[in-house]
$ cat run27.pdb   # PDB, C-alpha atoms, pLDDT in the B column
ATOM      1  CA  MET M 315      23.588 -35.825  -3.865  1.00 42.00           C
ATOM      2  CA  GLU M 316      27.230 -35.602  -2.843  1.00 47.00           C
ATOM      3  CA  SER M 317      28.483 -38.132  -0.345  1.00 49.00           C
ATOM      4  CA  PHE M 318      30.067 -36.959   2.883  1.00 48.00           C
ATOM      5  CA  LEU M 319      33.568 -37.780   1.647  1.00 47.00           C
ATOM      6  CA  GLU M 320      33.021 -35.755  -1.543  1.00 44.00           C
ATOM      7  CA  LEU M 321      32.191 -32.589   0.367  1.00 46.00           C
ATOM      8  CA  GLU M 322      34.864 -29.973   0.914  1.00 48.00           C
ATOM      9  CA  LEU M 323      34.814 -29.376   4.646  1.00 47.00           C
ATOM     10  CA  PRO M 324      35.864 -25.939   5.903  1.00 47.00           C
ATOM     11  CA  PRO M 325      39.298 -25.893   7.585  1.00 47.00           C
ATOM     12  CA  THR M 326      39.513 -25.860  11.357  1.00 49.00           C
ATOM     13  CA  SER M 327      40.891 -22.679  12.906  1.00 49.00           C
ATOM     14  CA  SER M 328      43.912 -22.671  15.210  1.00 52.00           C
ATOM     15  CA  LYS M 329      41.616 -21.696  18.080  1.00 81.00           C
ATOM     16  CA  SER M 330      39.187 -24.588  17.670  1.00 91.00           C
ATOM     17  CA  ARG M 331      38.643 -27.938  16.013  1.00 93.00           C
ATOM     18  CA  SER M 332      35.419 -29.070  14.415  1.00 94.00           C
ATOM     19  CA  TYR M 333      34.538 -32.755  14.507  1.00 95.00           C
ATOM     20  CA  TYR M 334      32.116 -33.619  11.706  1.00 94.00           C
ATOM     21  CA  PHE M 335      29.926 -36.705  12.164  1.00 95.00           C
ATOM     22  CA  ASP M 336      29.477 -38.487   8.831  1.00 93.00           C
ATOM     23  CA  ARG M 337      25.818 -39.211   9.606  1.00 92.00           C
ATOM     24  CA  ASN M 338      23.026 -37.891  11.770  1.00 92.00           C
ATOM     25  CA  SER M 339      23.693 -40.325  14.615  1.00 94.00           C
ATOM     26  CA  ALA M 340      25.331 -39.947  18.017  1.00 94.00           C
ATOM     27  CA  ILE M 341      25.893 -43.685  18.445  1.00 95.00           C
ATOM     28  CA  ASN M 342      27.116 -44.953  15.050  1.00 97.00           C
ATOM     29  CA  ALA M 343      29.335 -42.551  13.125  1.00 96.00           C
ATOM     30  CA  THR M 344      32.820 -41.623  11.961  1.00 97.00           C
ATOM     31  CA  LEU M 345      34.134 -38.242  13.125  1.00 97.00           C
ATOM     32  CA  TYR M 346      36.268 -36.173  10.745  1.00 97.00           C
ATOM     33  CA  CYS M 347      38.620 -33.344  11.666  1.00 95.00           C
ATOM     34  CA  ASN M 348      40.442 -31.318   8.997  1.00 92.00           C
ATOM     35  CA  GLY M 349      39.059 -33.709   6.396  1.00 93.00           C
ATOM     36  CA  GLN M 350      40.616 -36.762   8.047  1.00 96.00           C
ATOM     37  CA  PRO M 351      38.800 -39.525   9.978  1.00 97.00           C
ATOM     38  CA  SER M 352      39.646 -39.132  13.667  1.00 97.00           C
ATOM     39  CA  TYR M 353      37.239 -41.245  15.724  1.00 98.00           C
ATOM     40  CA  THR M 354      34.597 -43.878  15.172  1.00 98.00           C
ATOM     41  CA  ILE M 355      31.550 -44.542  17.324  1.00 98.00           C
ATOM     42  CA  MET M 356      30.060 -48.027  17.177  1.00 97.00           C
ATOM     43  CA  THR M 357      27.047 -49.422  19.040  1.00 97.00           C
ATOM     44  CA  ASN M 358      25.996 -53.072  19.054  1.00 96.00           C
ATOM     45  CA  LYS M 359      22.582 -54.161  17.783  1.00 95.00           C
ATOM     46  CA  SER M 360      21.068 -54.531  21.236  1.00 94.00           C
ATOM     47  CA  GLY M 361      22.101 -50.972  22.117  1.00 93.00           C
ATOM     48  CA  THR M 362      23.806 -52.106  25.311  1.00 95.00           C
ATOM     49  CA  ARG M 363      27.377 -51.173  24.396  1.00 97.00           C
ATOM     50  CA  THR M 364      28.998 -48.251  22.582  1.00 98.00           C
ATOM     51  CA  ASP M 365      32.722 -48.081  21.787  1.00 98.00           C
ATOM     52  CA  VAL M 366      34.627 -44.957  20.782  1.00 98.00           C
ATOM     53  CA  CYS M 367      37.831 -45.638  18.837  1.00 98.00           C
ATOM     54  CA  ASP M 368      40.778 -43.381  18.034  1.00 97.00           C
ATOM     55  CA  ILE M 369      41.556 -44.154  14.392  1.00 97.00           C
ATOM     56  CA  ALA M 370      45.138 -42.819  14.556  1.00 96.00           C
ATOM     57  CA  THR M 371      46.132 -45.158  17.392  1.00 95.00           C
ATOM     58  CA  GLN M 372      43.657 -47.875  16.336  1.00 95.00           C
ATOM     59  CA  SER M 373      42.518 -48.324  19.914  1.00 96.00           C
ATOM     60  CA  VAL M 374      39.267 -48.149  21.837  1.00 97.00           C
ATOM     61  CA  VAL M 375      39.460 -45.048  24.033  1.00 97.00           C
ATOM     62  CA  ALA M 376      36.110 -45.429  25.805  1.00 98.00           C
ATOM     63  CA  THR M 377      33.362 -47.997  26.300  1.00 98.00           C
ATOM     64  CA  ILE M 378      29.836 -47.120  27.415  1.00 98.00           C
ATOM     65  CA  LYS M 379      27.661 -49.901  28.815  1.00 97.00           C
ATOM     66  CA  ARG M 380      23.914 -49.698  29.263  1.00 92.00           C
ATOM     67  CA  ARG M 381      22.545 -52.081  31.883  1.00 90.00           C
ATOM     68  CA  GLU M 382      18.996 -53.018  32.853  1.00 86.00           C
ATOM     69  CA  VAL M 383      19.420 -53.440  36.610  1.00 87.00           C
ATOM     70  CA  PHE M 384      22.635 -51.732  37.666  1.00 90.00           C
ATOM     71  CA  ALA M 385      23.954 -48.262  36.838  1.00 92.00           C
ATOM     72  CA  ASP M 386      25.234 -47.550  33.333  1.00 94.00           C
ATOM     73  CA  THR M 387      29.042 -47.468  33.200  1.00 97.00           C
ATOM     74  CA  ILE M 388      31.871 -45.758  31.357  1.00 97.00           C
ATOM     75  CA  LYS M 389      35.368 -47.182  30.940  1.00 97.00           C
ATOM     76  CA  PHE M 390      38.493 -45.499  29.604  1.00 96.00           C
ATOM     77  CA  PRO M 391      40.968 -48.389  29.090  1.00 95.00           C
ATOM     78  CA  ALA M 392      43.987 -46.090  29.509  1.00 92.00           C
ATOM     79  CA  ARG M 393      42.755 -44.705  32.841  1.00 92.00           C
ATOM     80  CA  ASN M 394      42.132 -46.076  36.319  1.00 88.00           C
ATOM     81  CA  ASN M 395      43.709 -49.403  35.336  1.00 91.00           C
ATOM     82  CA  GLY M 396      40.876 -49.890  32.859  1.00 93.00           C
ATOM     83  CA  ALA M 397      38.233 -49.987  35.585  1.00 95.00           C
ATOM     84  CA  SER M 398      34.621 -49.058  34.822  1.00 96.00           C
ATOM     85  CA  VAL M 399      32.829 -46.357  36.792  1.00 94.00           C
ATOM     86  CA  ALA M 400      29.171 -45.432  36.990  1.00 95.00           C
ATOM     87  CA  ILE M 401      28.305 -42.768  34.426  1.00 96.00           C
ATOM     88  CA  ASN M 402      26.450 -40.769  37.073  1.00 93.00           C
ATOM     89  CA  LYS M 403      29.753 -40.350  38.952  1.00 93.00           C
ATOM     90  CA  TRP M 404      31.452 -38.957  35.855  1.00 94.00           C
ATOM     91  CA  LEU M 405      28.471 -36.970  34.541  1.00 95.00           C
ATOM     92  CA  ARG M 406      26.728 -35.586  37.612  1.00 92.00           C
ATOM     93  CA  PRO M 407      23.403 -33.708  37.591  1.00 89.00           C
ATOM     94  CA  ILE M 408      23.710 -30.223  39.093  1.00 84.00           C
ATOM     95  CA  THR M 409      20.959 -29.196  41.475  1.00 75.00           C
ATOM     96  CA  HIS M 410      22.294 -25.830  42.654  1.00 69.00           C
ATOM     97  CA  SER M 411      24.838 -23.581  40.931  1.00 63.00           C
ATOM     98  CA  PRO M 412      25.357 -19.799  41.004  1.00 62.00           C
ATOM     99  CA  TYR M 413      26.879 -19.965  37.521  1.00 60.00           C
ATOM    100  CA  HIS M 414      24.744 -22.375  35.507  1.00 58.00           C
ATOM    101  CA  ALA M 415      21.078 -22.865  34.747  1.00 60.00           C
ATOM    102  CA  GLU M 416      19.264 -26.048  35.638  1.00 60.00           C
ATOM    103  CA  PRO M 417      19.230 -28.737  34.474  1.00 73.00           C
ATOM    104  CA  SER M 418      22.981 -28.941  33.904  1.00 89.00           C
ATOM    105  CA  ILE M 419      25.464 -31.797  33.981  1.00 94.00           C
ATOM    106  CA  LEU M 420      28.850 -31.635  35.694  1.00 94.00           C
ATOM    107  CA  LEU M 421      31.662 -33.319  33.749  1.00 95.00           C
ATOM    108  CA  VAL M 422      34.498 -34.447  36.028  1.00 92.00           C
ATOM    109  CA  THR M 423      37.897 -34.605  34.269  1.00 92.00           C
ATOM    110  CA  ASP M 424      41.569 -34.839  35.207  1.00 90.00           C
ATOM    111  CA  VAL M 425      42.062 -31.189  34.226  1.00 90.00           C
ATOM    112  CA  GLY M 426      39.109 -29.810  36.162  1.00 91.00           C
ATOM    113  CA  ASN M 427      35.330 -29.745  36.213  1.00 93.00           C
ATOM    114  CA  PHE M 428      33.139 -28.511  33.387  1.00 95.00           C
ATOM    115  CA  VAL M 429      29.401 -28.133  32.863  1.00 94.00           C
ATOM    116  CA  TRP M 430      27.198 -29.223  29.956  1.00 95.00           C
ATOM    117  CA  GLU M 431      24.116 -27.110  29.334  1.00 90.00           C
ATOM    118  CA  SER M 432      21.306 -26.998  26.814  1.00 84.00           C
ATOM    119  CA  ASP M 433      20.034 -23.482  26.188  1.00 75.00           C
ATOM    120  CA  ALA M 434      18.651 -21.112  23.564  1.00 74.00           C
ATOM    121  CA  ALA M 435      22.096 -20.379  22.126  1.00 78.00           C
ATOM    122  CA  HIS M 436      23.285 -23.975  21.808  1.00 85.00           C
ATOM    123  CA  ARG M 437      21.626 -27.360  21.801  1.00 87.00           C
ATOM    124  CA  LEU M 438      24.556 -28.539  23.950  1.00 93.00           C
ATOM    125  CA  ALA M 439      27.444 -26.418  25.195  1.00 93.00           C
ATOM    126  CA  LEU M 440      30.287 -27.137  27.603  1.00 95.00           C
ATOM    127  CA  TYR M 441      31.532 -24.439  29.973  1.00 93.00           C
ATOM    128  CA  ALA M 442      34.207 -24.210  32.642  1.00 91.00           C
ATOM    129  CA  GLU M 443      32.571 -24.838  36.010  1.00 87.00           C
ATOM    130  CA  GLU M 444      32.813 -21.194  37.099  1.00 82.00           C
ATOM    131  CA  ASP M 445      32.184 -19.571  33.720  1.00 80.00           C
ATOM    132  CA  HIS M 446      28.921 -19.222  31.829  1.00 79.00           C
ATOM    133  CA  HIS M 447      30.043 -16.801  29.137  1.00 85.00           C
ATOM    134  CA  VAL M 448      32.178 -18.604  26.553  1.00 89.00           C
ATOM    135  CA  PRO M 449      31.796 -22.363  25.938  1.00 93.00           C
ATOM    136  CA  VAL M 450      34.892 -24.519  25.480  1.00 95.00           C
ATOM    137  CA  ALA M 451      32.896 -26.886  23.236  1.00 96.00           C
ATOM    138  CA  PHE M 452      29.473 -26.805  21.649  1.00 95.00           C
ATOM    139  CA  PHE M 453      27.106 -28.573  19.288  1.00 91.00           C
ATOM    140  CA  SER M 454      26.276 -26.993  15.947  1.00 72.00           C
ATOM    141  CA  ARG M 455      24.660 -28.134  12.713  1.00 64.00           C
ATOM    142  CA  ASN M 456      26.426 -28.444   9.382  1.00 56.00           C
ATOM    143  CA  LYS M 457      24.354 -27.630   6.280  1.00 53.00           C
ATOM    144  CA  GLN M 458      25.808 -30.557   4.339  1.00 51.00           C
ATOM    145  CA  PRO M 459      25.253 -33.411   4.582  1.00 50.00           C
ATOM    146  CA  GLN M 460      21.741 -32.700   5.792  1.00 57.00           C
ATOM    147  CA  ASP M 461      21.474 -32.585   9.581  1.00 67.00           C
ATOM    148  CA  ALA M 462      25.062 -33.751  10.122  1.00 76.00           C
ATOM    149  CA  ILE M 463      26.381 -33.203  13.639  1.00 91.00           C
ATOM    150  CA  VAL M 464      29.315 -30.850  14.150  1.00 93.00           C
ATOM    151  CA  LEU M 465      31.024 -30.726  17.545  1.00 95.00           C
ATOM    152  CA  VAL M 466      33.268 -27.675  17.923  1.00 95.00           C
ATOM    153  CA  VAL M 467      36.060 -28.019  20.507  1.00 96.00           C
ATOM    154  CA  LYS M 468      38.084 -24.954  21.489  1.00 95.00           C
ATOM    155  CA  SER M 469      41.852 -25.244  21.884  1.00 92.00           C
ATOM    156  CA  SER M 470      41.461 -24.839  25.650  1.00 90.00           C
ATOM    157  CA  ALA M 471      39.608 -28.177  25.757  1.00 93.00           C
ATOM    158  CA  GLU M 472      41.854 -30.181  23.424  1.00 91.00           C
ATOM    159  CA  GLU M 473      43.723 -31.896  26.258  1.00 91.00           C
ATOM    160  CA  MET M 474      40.447 -33.497  27.354  1.00 94.00           C
ATOM    161  CA  VAL M 475      38.955 -33.996  23.895  1.00 95.00           C
ATOM    162  CA  GLU M 476      38.081 -37.642  24.578  1.00 96.00           C
ATOM    163  CA  ASP M 477      36.061 -36.636  27.647  1.00 97.00           C
ATOM    164  CA  VAL M 478      34.298 -34.006  25.540  1.00 97.00           C
ATOM    165  CA  ILE M 479      33.425 -36.360  22.680  1.00 97.00           C
ATOM    166  CA  VAL M 480      32.288 -39.247  24.873  1.00 97.00           C
ATOM    167  CA  SER M 481      30.204 -37.105  27.224  1.00 97.00           C
ATOM    168  CA  PHE M 482      28.696 -35.300  24.237  1.00 97.00           C
ATOM    169  CA  ILE M 483      27.461 -38.472  22.540  1.00 96.00           C
ATOM    170  CA  ILE M 484      25.915 -39.674  25.813  1.00 96.00           C
ATOM    171  CA  LEU M 485      24.029 -36.419  26.373  1.00 95.00           C
ATOM    172  CA  GLU M 486      23.056 -35.925  22.729  1.00 93.00           C
ATOM    173  CA  GLN M 487      21.583 -39.419  22.640  1.00 93.00           C
ATOM    174  CA  ARG M 488      19.665 -38.681  25.835  1.00 90.00           C
ATOM    175  CA  LEU M 489      18.194 -35.588  24.187  1.00 89.00           C
ATOM    176  CA  ARG M 490      17.199 -37.590  21.118  1.00 90.00           C
ATOM    177  CA  MET M 491      15.512 -40.270  23.190  1.00 90.00           C
ATOM    178  CA  LYS M 492      13.681 -37.598  25.183  1.00 89.00           C
ATOM    179  CA  GLU M 493      12.481 -35.981  21.953  1.00 87.00           C
ATOM    180  CA  LYS M 494      11.410 -39.355  20.604  1.00 88.00           C
ATOM    181  CA  ARG M 495       9.354 -40.026  23.729  1.00 87.00           C
ATOM    182  CA  ARG M 496       7.624 -36.685  23.311  1.00 86.00           C
ATOM    183  CA  GLN M 497       6.841 -37.391  19.660  1.00 85.00           C
ATOM    184  CA  ASN M 498       5.465 -40.840  20.421  1.00 85.00           C
ATOM    185  CA  GLY M 499       3.623 -39.730  23.528  1.00 80.00           C
ATOM    186  CA  MET M 500       4.897 -42.744  25.411  1.00 64.00           C
ATOM    187  CA  MET M 501       7.817 -43.949  27.505  1.00 55.00           C
ATOM    188  CA  PRO M 502      10.119 -46.330  25.567  1.00 46.00           C
ATOM    189  CA  PRO M 503      11.774 -49.426  27.086  1.00 44.00           C
ATOM    190  CA  ARG M 504      14.761 -48.585  29.257  1.00 42.00           C
ATOM    191  CA  HIS M 505      17.297 -50.068  26.848  1.00 36.00           C
ATOM    192  CA  THR M 506      16.476 -47.548  24.114  1.00 34.00           C
ATOM    193  CA  PHE M 507      18.863 -45.019  25.671  1.00 31.00           C
ATOM    194  CA  PHE M 508      21.366 -46.440  23.170  1.00 29.00           C
ATOM    195  CA  THR M 509      19.635 -47.759  20.087  1.00 31.00           C
ATOM    196  CA  SER M 510      21.192 -48.981  16.878  1.00 32.00           C
ATOM    197  CA  CYS M 511      21.168 -46.649  13.896  1.00 33.00           C
ATOM    198  CA  ALA M 512      19.315 -47.910  10.825  1.00 31.00           C
ATOM    199  CA  SER M 513      21.874 -46.267   8.543  1.00 32.00           C
ATOM    200  CA  GLY M 514      24.477 -48.904   9.411  1.00 35.00           C
ATOM    201  CA  ARG M 515      27.844 -49.077  11.137  1.00 35.00           C
ATOM    202  CA  PRO M 516      30.958 -47.005  10.371  1.00 38.00           C
ATOM    203  CA  LEU M 517      34.049 -48.657   8.966  1.00 38.00           C
ATOM    204  CA  LEU M 518      36.748 -49.513  11.477  1.00 42.00           C
ATOM    205  CA  ALA M 519      40.115 -51.217  11.198  1.00 43.00           C
ATOM    206  CA  PRO M 520      39.492 -54.944  11.965  1.00 41.00           C
ATOM    207  CA  HIS M 521      42.027 -55.075  14.792  1.00 42.00           C
ATOM    208  CA  CYS M 522      40.433 -51.972  16.321  1.00 50.00           C
ATOM    209  CA  ILE M 523      36.957 -53.505  16.425  1.00 48.00           C
ATOM    210  CA  PRO M 524      36.229 -55.073  19.827  1.00 50.00           C
ATOM    211  CA  THR M 525      35.898 -58.861  19.563  1.00 47.00           C
ATOM    212  CA  HIS M 526      32.253 -58.872  20.625  1.00 47.00           C
ATOM    213  CA  LEU M 527      31.389 -56.525  17.722  1.00 45.00           C
ATOM    214  CA  ARG M 528      33.206 -58.330  14.920  1.00 43.00           C
ATOM    215  CA  VAL M 529      31.190 -60.048  12.227  1.00 39.00           C
ATOM    216  CA  ILE M 530      32.553 -63.503  11.509  1.00 33.00           C
TER     217      ILE M 530
END
$ encode --input "run27.pdb" --output "structure tokens"
Amino acid sequence: MESFLELELPPTSSKSRSYYFDRNSAINATLYCNGQPSYTIMTNKSGTRTDVCDIATQSVVATIKRREVFADTIKFPARNNGASVAINKWLRPITHSPYHAEPSILLVTDVGNFVWESDAAHRLALYAEEDHHVPVAFFSRNKQPQDAIVLVVKSSAEEMVEDVIVSFIILEQRLRMKEKRRQNGMMPPRHTFFTSCASGRPLLAPHCIPTHLRVI
């Protein structure tokens, strides 16, 4: 079987960019765009911390923390003086909306508000807050490698691509954990919201790997 790097990925159109995950995991993967590695997602063994790194700048652009007692948090080091905020203030459940079906999740960004939905057309799709017709980003499946994740981001959402990628991996992992609970017929421990992937960790430049994740 061909490896991911041996596959010829289709080019990205000028109207959208496709981010190909190199494995079927939302918490440990390398994302490729136009055949080049763009981002890495790394989660520690305990599943309590996930870091998203921009390979071009060799910097961590977002850190997700899963906590047992207090609210889970998200931190963008380049924003808000690097302060962490509760995820439920950044990704807010929608209870009433004339535009979007329930359940939906409101994504609050610097360029406006958007809504993530899961429907018959898309497993996950992101829409402008007052538009339910054309998504600005959506989840699709690539035929090779088997079950690889492909996140399509329209040009209109490129200026907030980090918000899109980070919110997507949070919600996709939630869906996977929900599906796992259904399959097992039981409720898993709370910490399994972010679980380590058995397929291993993606490669990352050593100086880009957060200190607490480095193997010495």
$ residues_around --input "run27.pdb" --residues "region 376-381 of chain M" --least-positions-apart "4" --cutoff "8 Å" --atoms "all atoms listed in the file" --output "list in words"
Gly361, Thr362, Arg363, Thr364, Asp365, Val366, Cys367, Ala385, Asp386, Thr387, Ile388, Lys389, Phe390, Pro391, Val480, His505, Phe507 and Phe508 of chain M
$ resolve_selection --input "run27.pdb" --expression "the PyMOL selection byres ((chain M and resi 451) around 9)" --output "MDAnalysis selection string"
chainID M and resid 330 438:441 448:450 452:453 465:468 471 478
$ resolve_selection --input "run27.pdb" --expression "the PyMOL selection byres ((chain M and resi 415-432) around 8)" --output "JSON, numbers by chain"
{"M": [404, 405, 406, 407, 408, 409, 410, 411, 413, 414, 433, 434, 436, 437, 438, 439, 440, 441, 442, 443, 474, 477, 481]}
$ atom_distance --input "run27.pdb" --atom1 "CA of Gln350 (chain M)" --atom2 "CA of Arg393 (chain M)"
26.1 Å
$ atom_distance --input "run27.pdb" --atom1 "CA of Lys329 (chain M)" --atom2 "CA of Ser470 (chain M)"
8.2 Å
$ closest_residue --input "run27.pdb" --among "M:Ser454, M:Thr357, M:Asn395, M:Ser339" --to "Met491 (chain M)" --atoms "all atoms listed in the file"
M:Ser339
$ closest_residue --input "run27.pdb" --among "M:Glu476, M:Ile484, M:Leu345, M:Asn338" --to "Val374 (chain M)" --atoms "all atoms listed in the file"
M:Glu476
$ atom_distance --input "run27.pdb" --atom1 "CA of Tyr353 (chain M)" --atom2 "CA of Gly396 (chain M)"
19.5 Å
